[in-house]
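Engineer: I'd like to ask some things about the structure below.
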Amino acid sequence: MLALQGDVREHDRALQAVGARTVHVRRVDDLDGLDGLVLPGGESTTISRLLDVFELREPLRCAVRGGLPVYGSCAGMILLADTVLDGRADQQGIGGLDVVVRRNAFGRQVDSFEADLAFTGVGDVHAVFIRAPWVESTGEGVQVLAAVGAEHPAAGRVVAVRQGPVLATSFHPELTGDHRVHGLFVRLVKEARG
Amino acid sequence: MPTDDATTPVLGTDRVKRGMAEMLKGGVIMDVVDAEQARIAEEAGAVAVMALERIPADIRRDGGVSRMSDPDMIEGIKSVVSVPVMAKARIGHFVEAQVLQAIGVDYVDESEVLTPADYAHHIDKRPFTVPFVCGATDLGEALRRISEGAAMIRSKGEAGTGDVSQATRHIRTILGEIRRLTVMDEAELFDAAKLMAAPIDLVRETAELGRLPVVLFTAGGVATPADAAMMMQLGTDGVFIGSGIFKSGDPARRARACVEATAYFTDAERIAKVSRGLGEAMVGIAADSLGAGDLLADRGW
């Protein structure tokens, strides 16, 4: 768990519920021996700044490029995206996911919502979107796992993707008590370990 | 509880409102009075900004009736930052809250820093789509606010003083009362609910969780990186800094230092490093030198 800021506790609980052991990453040394990394929900501009202050950005970039399985929810998705729209001009992430992501794409907090989605490989999930981003476009090798249902004005917008061992969702499965998306990530981690 | 069986999108559920506060954990929310300050706060790594016309230290100095900020001023701040923008409504002033929701603020602070509009009732926050944060001085007050629909709680502290002692008292009181609930049996929980004038279901939920059912931040008097880290070590989820930053000598630097100290609150060496050369802290007023009529924390019921 990247534990600089955000809903670390909720991801911890979800991961532990699917049998993972979690440690908190705050320093470069904490990255040693990890099988996978979760980037929590939070404020992406804040996490991005703290990545620089605590000199974690380059080590994380290297780790993701080197094939470390990573899952990012909401702010985590923004950090993983190679291109971010509507972010601060100086906002830099970690990258590794060949997608274009739009920040706060659904609107402000008053537009935040819950909805049911069909999630490839998981089934129907109840998703919580909070000032959420969406995926504007995907590169080759990126698999779309879920999109917004027909009932929402933003129907069809992509909200869950996977590229190899990198998984990202616009929404927050850690807030619902349904741990199947975290279960999927743990399966990706096990696959990567072989 | 939010509907789990909804097939159409639902706005403004408890989960969406409380979840928004979960995303702010480990962060600093800063008071700002104009676009320039908002930019400084965002650049420093604030997780959100609180837009208001006068910071609490000036409200305290100027006296008079203090109200919701001009929507133009709030819009001005919303247009320059991408982090969430919060704004304050007077206690009980549900129309100010409706206005803030209409202009799309991300969180409403029903705040004792403004002059109360109702000396008996708080806003019924449940019908709103926008989430609310409310101040509390003890657990009963926190749970009463949650029962009215607050999705986040903060200590009241004593805003605009730069004296952290009242915030410490409120946070220690709330967390201490929660710890005591966790060892009570059912009969004792009923009695505790009666004594603290809070709904039994929320008392029971808090006892089971061992924490509030919503995020708890510290507010009121936090002025230094060490203040912020102390509040995190006491067990709060994040901090509000009001007058402490923009009433100090070097706001940008102090803002960055407070963000870092909040993220790395157990690392004394880092807190020492960011505390160096910050320039003058806000002058401050000792909270115990204030007369009873000047204490903002006494507002709210």
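Letters for chains follow the order of the structure tokens (A, B, ...), residue numbers begin at 1 for each chain, and ligand numbers begin at 1 in the order shown.
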For chain A, list the residues within 10 Å of chain B, counting only C-alpha atoms, and write the list as an mmCIF file with N, CA, C and O atoms, in the first residue's frame.

Structural biologist:
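Result file follows (part.cif):
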data_model
loop_
_atom_site.group_PDB
_atom_site.id
_atom_site.type_symbol
_atom_site.label_atom_id
_atom_site.label_comp_id
_atom_site.auth_asym_id
_atom_site.auth_seq_id
_atom_site.Cartn_x
_atom_site.Cartn_y
_atom_site.Cartn_z
ATOM 1 N N ALA A 3 1.211 4.591 1.215
ATOM 2 C CA ALA A 3 0.488 5.154 2.364
ATOM 3 C C ALA A 3 0.884 6.606 2.624
ATOM 4 O O ALA A 3 1.197 6.983 3.746
ATOM 5 N N LEU A 4 0.888 7.427 1.584
ATOM 6 C CA LEU A 4 1.225 8.841 1.767
ATOM 7 C C LEU A 4 -0.006 9.635 2.173
ATOM 8 O O LEU A 4 0.069 10.548 2.977
ATOM 9 N N GLN A 5 -1.156 9.286 1.587
ATOM 10 C CA GLN A 5 -2.399 10.030 1.836
ATOM 11 C C GLN A 5 -3.530 9.253 1.185
ATOM 12 O O GLN A 5 -3.322 8.603 0.175
ATOM 13 N N GLY A 6 -4.728 9.311 1.775
ATOM 14 C CA GLY A 6 -5.896 8.710 1.151
ATOM 15 C C GLY A 6 -6.510 7.589 1.970
ATOM 16 O O GLY A 6 -6.249 7.472 3.161
ATOM 17 N N ASP A 7 -7.351 6.769 1.299
ATOM 18 C CA ASP A 7 -8.103 5.767 2.055
ATOM 19 C C ASP A 7 -7.337 4.442 2.161
ATOM 20 O O ASP A 7 -7.790 3.397 1.699
ATOM 21 N N VAL A 8 -6.188 4.547 2.790
ATOM 22 C CA VAL A 8 -5.279 3.415 2.965
ATOM 23 C C VAL A 8 -5.949 2.309 3.792
ATOM 24 O O VAL A 8 -5.888 1.131 3.447
ATOM 25 N N ARG A 9 -6.611 2.709 4.891
ATOM 26 C CA ARG A 9 -7.209 1.720 5.796
ATOM 27 C C ARG A 9 -8.223 0.833 5.074
ATOM 28 O O ARG A 9 -8.268 -0.383 5.278
ATOM 29 N N GLU A 10 -9.039 1.431 4.193
ATOM 30 C CA GLU A 10 -10.081 0.673 3.506
ATOM 31 C C GLU A 10 -9.472 -0.349 2.540
ATOM 32 O O GLU A 10 -9.942 -1.468 2.432
ATOM 33 N N ARG A 26 6.181 4.100 2.566
ATOM 34 C CA ARG A 26 6.375 5.540 2.736
ATOM 35 C C ARG A 26 7.783 5.949 2.334
ATOM 36 O O ARG A 26 8.055 7.114 2.127
ATOM 37 N N PRO A 40 -3.881 3.981 -3.365
ATOM 38 C CA PRO A 40 -5.240 4.165 -2.852
ATOM 39 C C PRO A 40 -5.956 5.346 -3.494
ATOM 40 O O PRO A 40 -5.360 6.106 -4.255
ATOM 41 N N GLY A 41 -7.229 5.490 -3.137
ATOM 42 C CA GLY A 41 -7.939 6.704 -3.467
ATOM 43 C C GLY A 41 -7.430 7.826 -2.572
ATOM 44 O O GLY A 41 -6.947 7.571 -1.472
ATOM 45 N N GLY A 42 -7.539 9.049 -3.035
ATOM 46 C CA GLY A 42 -7.054 10.184 -2.256
ATOM 47 C C GLY A 42 -7.074 11.393 -3.149
ATOM 48 O O GLY A 42 -7.854 11.448 -4.099
ATOM 49 N N GLU A 43 -6.246 12.370 -2.862
ATOM 50 C CA GLU A 43 -6.178 13.560 -3.694
ATOM 51 C C GLU A 43 -4.909 13.444 -4.542
ATOM 52 O O GLU A 43 -3.805 13.486 -4.014
ATOM 53 N N SER A 44 -5.093 13.300 -5.854
ATOM 54 C CA SER A 44 -3.940 12.963 -6.696
ATOM 55 C C SER A 44 -2.878 14.054 -6.692
ATOM 56 O O SER A 44 -1.686 13.759 -6.750
ATOM 57 N N THR A 45 -3.279 15.332 -6.592
ATOM 58 C CA THR A 45 -2.264 16.394 -6.576
ATOM 59 C C THR A 45 -1.424 16.305 -5.305
ATOM 60 O O THR A 45 -0.224 16.556 -5.325
ATOM 61 N N THR A 46 -2.061 15.957 -4.182
ATOM 62 C CA THR A 46 -1.333 15.840 -2.917
ATOM 63 C C THR A 46 -0.375 14.658 -2.955
ATOM 64 O O THR A 46 0.808 14.790 -2.609
ATOM 65 N N ILE A 47 -0.894 13.500 -3.388
ATOM 66 C CA ILE A 47 -0.041 12.307 -3.430
ATOM 67 C C ILE A 47 1.121 12.557 -4.385
ATOM 68 O O ILE A 47 2.272 12.219 -4.095
ATOM 69 N N SER A 48 0.822 13.196 -5.501
ATOM 70 C CA SER A 48 1.864 13.466 -6.488
ATOM 71 C C SER A 48 2.973 14.333 -5.893
ATOM 72 O O SER A 48 4.157 14.081 -6.099
ATOM 73 N N ARG A 49 2.585 15.357 -5.121
ATOM 74 C CA ARG A 49 3.591 16.213 -4.503
ATOM 75 C C ARG A 49 4.413 15.441 -3.476
ATOM 76 O O ARG A 49 5.628 15.572 -3.390
ATOM 77 N N LEU A 50 3.729 14.594 -2.697
ATOM 78 C CA LEU A 50 4.441 13.831 -1.662
ATOM 79 C C LEU A 50 5.385 12.797 -2.293
ATOM 80 O O LEU A 50 6.418 12.471 -1.718
ATOM 81 N N VAL A 53 8.471 14.866 -2.706
ATOM 82 C CA VAL A 53 9.089 15.233 -1.433
ATOM 83 C C VAL A 53 9.825 14.035 -0.842
ATOM 84 O O VAL A 53 10.921 14.163 -0.301
ATOM 85 N N PHE A 54 9.212 12.865 -0.942
ATOM 86 C CA PHE A 54 9.814 11.697 -0.308
ATOM 87 C C PHE A 54 10.547 10.808 -1.303
ATOM 88 O O PHE A 54 10.843 9.651 -1.024
ATOM 89 N N CYS A 74 -9.186 5.285 -8.421
ATOM 90 C CA CYS A 74 -9.460 6.728 -8.476
ATOM 91 C C CYS A 74 -8.174 7.537 -8.594
ATOM 92 O O CYS A 74 -7.582 7.590 -9.671
ATOM 93 N N ALA A 75 -7.683 8.151 -7.511
ATOM 94 C CA ALA A 75 -6.420 8.887 -7.584
ATOM 95 C C ALA A 75 -5.305 7.959 -8.049
ATOM 96 O O ALA A 75 -4.404 8.368 -8.795
ATOM 97 N N ASP A 86 -7.061 17.701 -17.661
ATOM 98 C CA ASP A 86 -7.677 18.486 -16.590
ATOM 99 C C ASP A 86 -6.945 18.358 -15.265
ATOM 100 O O ASP A 86 -7.517 18.569 -14.197
ATOM 101 N N GLY A 87 -5.690 18.000 -15.310
ATOM 102 C CA GLY A 87 -4.891 18.005 -14.089
ATOM 103 C C GLY A 87 -4.134 19.314 -14.010
ATOM 104 O O GLY A 87 -4.271 20.177 -14.871
ATOM 105 N N ARG A 88 -3.375 19.491 -12.948
ATOM 106 C CA ARG A 88 -2.499 20.655 -12.880
ATOM 107 C C ARG A 88 -1.425 20.484 -13.946
ATOM 108 O O ARG A 88 -0.985 19.373 -14.226
ATOM 109 N N ASP A 90 1.630 20.978 -13.896
ATOM 110 C CA ASP A 90 2.884 20.391 -13.418
ATOM 111 C C ASP A 90 2.669 19.019 -12.777
ATOM 112 O O ASP A 90 3.563 18.447 -12.191
ATOM 113 N N GLN A 91 1.419 18.516 -12.887
ATOM 114 C CA GLN A 91 1.132 17.254 -12.221
ATOM 115 C C GLN A 91 1.733 16.083 -12.976
ATOM 116 O O GLN A 91 1.481 15.881 -14.154
ATOM 117 N N ARG A 103 -9.390 13.846 -15.268
ATOM 118 C CA ARG A 103 -9.660 14.026 -13.835
ATOM 119 C C ARG A 103 -11.033 14.624 -13.614
ATOM 120 O O ARG A 103 -11.499 15.426 -14.420
ATOM 121 N N ASN A 104 -11.646 14.287 -12.473
ATOM 122 C CA ASN A 104 -12.956 14.830 -12.070
ATOM 123 C C ASN A 104 -13.929 14.847 -13.249
ATOM 124 O O ASN A 104 -14.703 15.787 -13.422
ATOM 125 N N GLY A 107 -17.676 15.291 -12.832
ATOM 126 C CA GLY A 107 -18.138 16.539 -12.227
ATOM 127 C C GLY A 107 -17.594 16.696 -10.817
ATOM 128 O O GLY A 107 -16.590 16.089 -10.459
ATOM 129 N N ARG A 108 -18.271 17.506 -10.026
ATOM 130 C CA ARG A 108 -17.828 17.789 -8.672
ATOM 131 C C ARG A 108 -18.446 16.797 -7.695
ATOM 132 O O ARG A 108 -19.138 15.859 -8.100
ATOM 133 N N GLN A 109 -18.234 17.030 -6.390
ATOM 134 C CA GLN A 109 -18.739 16.083 -5.396
ATOM 135 C C GLN A 109 -20.256 15.894 -5.489
ATOM 136 O O GLN A 109 -20.756 14.799 -5.299
ATOM 137 N N VAL A 110 -20.995 16.972 -5.788
ATOM 138 C CA VAL A 110 -22.458 16.827 -5.866
ATOM 139 C C VAL A 110 -22.874 15.894 -7.005
ATOM 140 O O VAL A 110 -24.019 15.438 -7.054
ATOM 141 N N ASP A 111 -21.950 15.598 -7.922
ATOM 142 C CA ASP A 111 -22.243 14.658 -9.014
ATOM 143 C C ASP A 111 -21.748 13.246 -8.713
ATOM 144 O O ASP A 111 -21.927 12.333 -9.525
ATOM 145 N N SER A 112 -21.086 13.064 -7.558
ATOM 146 C CA SER A 112 -20.591 11.738 -7.190
ATOM 147 C C SER A 112 -21.771 10.786 -7.030
ATOM 148 O O SER A 112 -22.836 11.183 -6.582
ATOM 149 N N PHE A 113 -21.581 9.507 -7.395
ATOM 150 C CA PHE A 113 -22.734 8.595 -7.445
ATOM 151 C C PHE A 113 -22.335 7.147 -7.193
ATOM 152 O O PHE A 113 -21.159 6.808 -7.184
ATOM 153 N N GLU A 114 -23.375 6.329 -6.979
ATOM 154 C CA GLU A 114 -23.209 4.882 -6.917
ATOM 155 C C GLU A 114 -23.991 4.275 -8.071
ATOM 156 O O GLU A 114 -25.074 4.764 -8.404
ATOM 157 N N ALA A 115 -23.472 3.213 -8.657
ATOM 158 C CA ALA A 115 -24.185 2.539 -9.749
ATOM 159 C C ALA A 115 -23.679 1.111 -9.900
ATOM 160 O O ALA A 115 -22.580 0.796 -9.455
ATOM 161 N N ASP A 116 -24.519 0.278 -10.520
ATOM 162 C CA ASP A 116 -24.112 -1.102 -10.796
ATOM 163 C C ASP A 116 -23.401 -1.171 -12.144
ATOM 164 O O ASP A 116 -23.776 -0.464 -13.081
ATOM 165 N N LEU A 117 -22.399 -2.019 -12.219
ATOM 166 C CA LEU A 117 -21.602 -2.167 -13.443
ATOM 167 C C LEU A 117 -21.353 -3.637 -13.712
ATOM 168 O O LEU A 117 -21.253 -4.429 -12.780
ATOM 169 N N VAL A 125 -20.793 -5.541 -10.247
ATOM 170 C CA VAL A 125 -20.314 -4.905 -9.013
ATOM 171 C C VAL A 125 -21.097 -3.628 -8.772
ATOM 172 O O VAL A 125 -21.584 -2.983 -9.717
ATOM 173 N N HIS A 126 -21.216 -3.294 -7.490
ATOM 174 C CA HIS A 126 -21.834 -2.021 -7.122
ATOM 175 C C HIS A 126 -20.689 -1.031 -6.911
ATOM 176 O O HIS A 126 -19.860 -1.229 -6.037
ATOM 177 N N ALA A 127 -20.637 0.007 -7.735
ATOM 178 C CA ALA A 127 -19.459 0.878 -7.760
ATOM 179 C C ALA A 127 -19.761 2.247 -7.152
ATOM 180 O O ALA A 127 -20.832 2.810 -7.370
ATOM 181 N N VAL A 128 -18.803 2.758 -6.376
ATOM 182 C CA VAL A 128 -18.916 4.069 -5.744
ATOM 183 C C VAL A 128 -17.942 5.022 -6.434
ATOM 184 O O VAL A 128 -16.727 4.804 -6.403
ATOM 185 N N PHE A 129 -18.496 6.062 -7.058
ATOM 186 C CA PHE A 129 -17.678 7.043 -7.785
ATOM 187 C C PHE A 129 -17.631 8.345 -6.997
ATOM 188 O O PHE A 129 -18.677 8.918 -6.698
ATOM 189 N N ILE A 130 -16.431 8.819 -6.657
ATOM 190 C CA ILE A 130 -16.290 10.045 -5.885
ATOM 191 C C ILE A 130 -15.355 11.005 -6.623
ATOM 192 O O ILE A 130 -14.162 10.738 -6.718
ATOM 193 N N ARG A 131 -15.930 12.062 -7.168
ATOM 194 C CA ARG A 131 -15.133 13.000 -7.982
ATOM 195 C C ARG A 131 -14.216 12.201 -8.906
ATOM 196 O O ARG A 131 -13.020 12.472 -9.033
ATOM 197 N N VAL A 148 -19.474 2.577 -17.793
ATOM 198 C CA VAL A 148 -20.682 3.066 -17.123
ATOM 199 C C VAL A 148 -21.921 2.558 -17.864
ATOM 200 O O VAL A 148 -21.953 2.538 -19.093
ATOM 201 N N GLY A 149 -22.933 2.139 -17.100
ATOM 202 C CA GLY A 149 -24.164 1.574 -17.681
ATOM 203 C C GLY A 149 -25.017 2.611 -18.387
ATOM 204 O O GLY A 149 -24.812 3.826 -18.247
ATOM 205 N N ALA A 150 -25.999 2.110 -19.127
ATOM 206 C CA ALA A 150 -26.811 2.957 -20.006
ATOM 207 C C ALA A 150 -27.652 3.983 -19.254
ATOM 208 O O ALA A 150 -28.077 4.990 -19.821
ATOM 209 N N GLU A 151 -27.895 3.752 -17.948
ATOM 210 C CA GLU A 151 -28.800 4.644 -17.210
ATOM 211 C C GLU A 151 -28.147 5.982 -16.871
ATOM 212 O O GLU A 151 -28.814 6.945 -16.516
ATOM 213 N N HIS A 152 -26.816 6.055 -16.916
ATOM 214 C CA HIS A 152 -26.119 7.280 -16.516
ATOM 215 C C HIS A 152 -25.862 8.165 -17.730
ATOM 216 O O HIS A 152 -25.649 7.667 -18.830
ATOM 217 N N PRO A 153 -25.894 9.505 -17.519
ATOM 218 C CA PRO A 153 -25.608 10.409 -18.643
ATOM 219 C C PRO A 153 -24.249 10.126 -19.297
ATOM 220 O O PRO A 153 -24.069 10.404 -20.477
ATOM 221 N N HIS A 172 -14.339 3.022 -6.302
ATOM 222 C CA HIS A 172 -13.705 2.618 -5.040
ATOM 223 C C HIS A 172 -14.283 1.307 -4.515
ATOM 224 O O HIS A 172 -15.123 1.327 -3.614
ATOM 225 N N GLU A 174 -13.004 -0.524 -2.508
ATOM 226 C CA GLU A 174 -12.616 -0.634 -1.093
ATOM 227 C C GLU A 174 -13.674 -0.055 -0.156
ATOM 228 O O GLU A 174 -13.609 -0.273 1.051
ATOM 229 N N LEU A 175 -14.648 0.674 -0.705
ATOM 230 C CA LEU A 175 -15.655 1.295 0.167
ATOM 231 C C LEU A 175 -16.938 0.477 0.296
ATOM 232 O O LEU A 175 -17.843 0.851 1.038
ATOM 233 N N THR A 176 -17.034 -0.633 -0.421
ATOM 234 C CA THR A 176 -18.323 -1.320 -0.471
ATOM 235 C C THR A 176 -18.396 -2.600 0.352
ATOM 236 O O THR A 176 -19.479 -3.133 0.562
#

Engineer: Quick one: everything within 12 Å of Ile200 (chain B), counting only C-alpha atoms, minus sequence neighbours fewer than 2 positions away in the same chain. Send it as an MDAnalysis selection string.

Structural biologist: chainID B and resid 140 143:144 147 181 186:198 202:207

Engineer: Based on the backbone DSSP call, show me all residues of region 126-278 of chain B assigned alpha helix (DSSP H), as a ChimeraX atom specification.

Structural biologist: /B:139-147,165-181,186-195,200-209,225-234,243-246,251-263,268-275

Engineer: Looking at only C-alpha atoms, which of A:Ile94, A:Thr138, A:Gly67, A:His179 is the one that sits closest to Asp12 (chain A)?

Structural biologist: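 Residue with the minimum atom-to-atom distance to Asp12 (chain A): A:His179.
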
Engineer: If you measure from CA of Gly36 (chain A) to CA of Gly235 (chain B), what distance in Å do you get, rounded to one decimal?

Structural biologist: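 About the pair CA of Gly36 (chain A) and CA of Gly235 (chain B): they are 28.0 Å apart.
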
Engineer: Among the residues of region 169-218 of chain B, find those DSSP assigns to strand (DSSP E or B) from the backbone and print them as a list in words.

Structural biologist: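 Across region 169-218 of chain B, those assigned strand (DSSP E or B) are Val215, Leu216, Phe217 and Thr218 of chain B.
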
Engineer: What does the structure give for the distance between CA of Cys134 (chain B) and CA of Leu216 (chain B), in Å to one decimal?

Structural biologist: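 It comes out at 9.9 Å.
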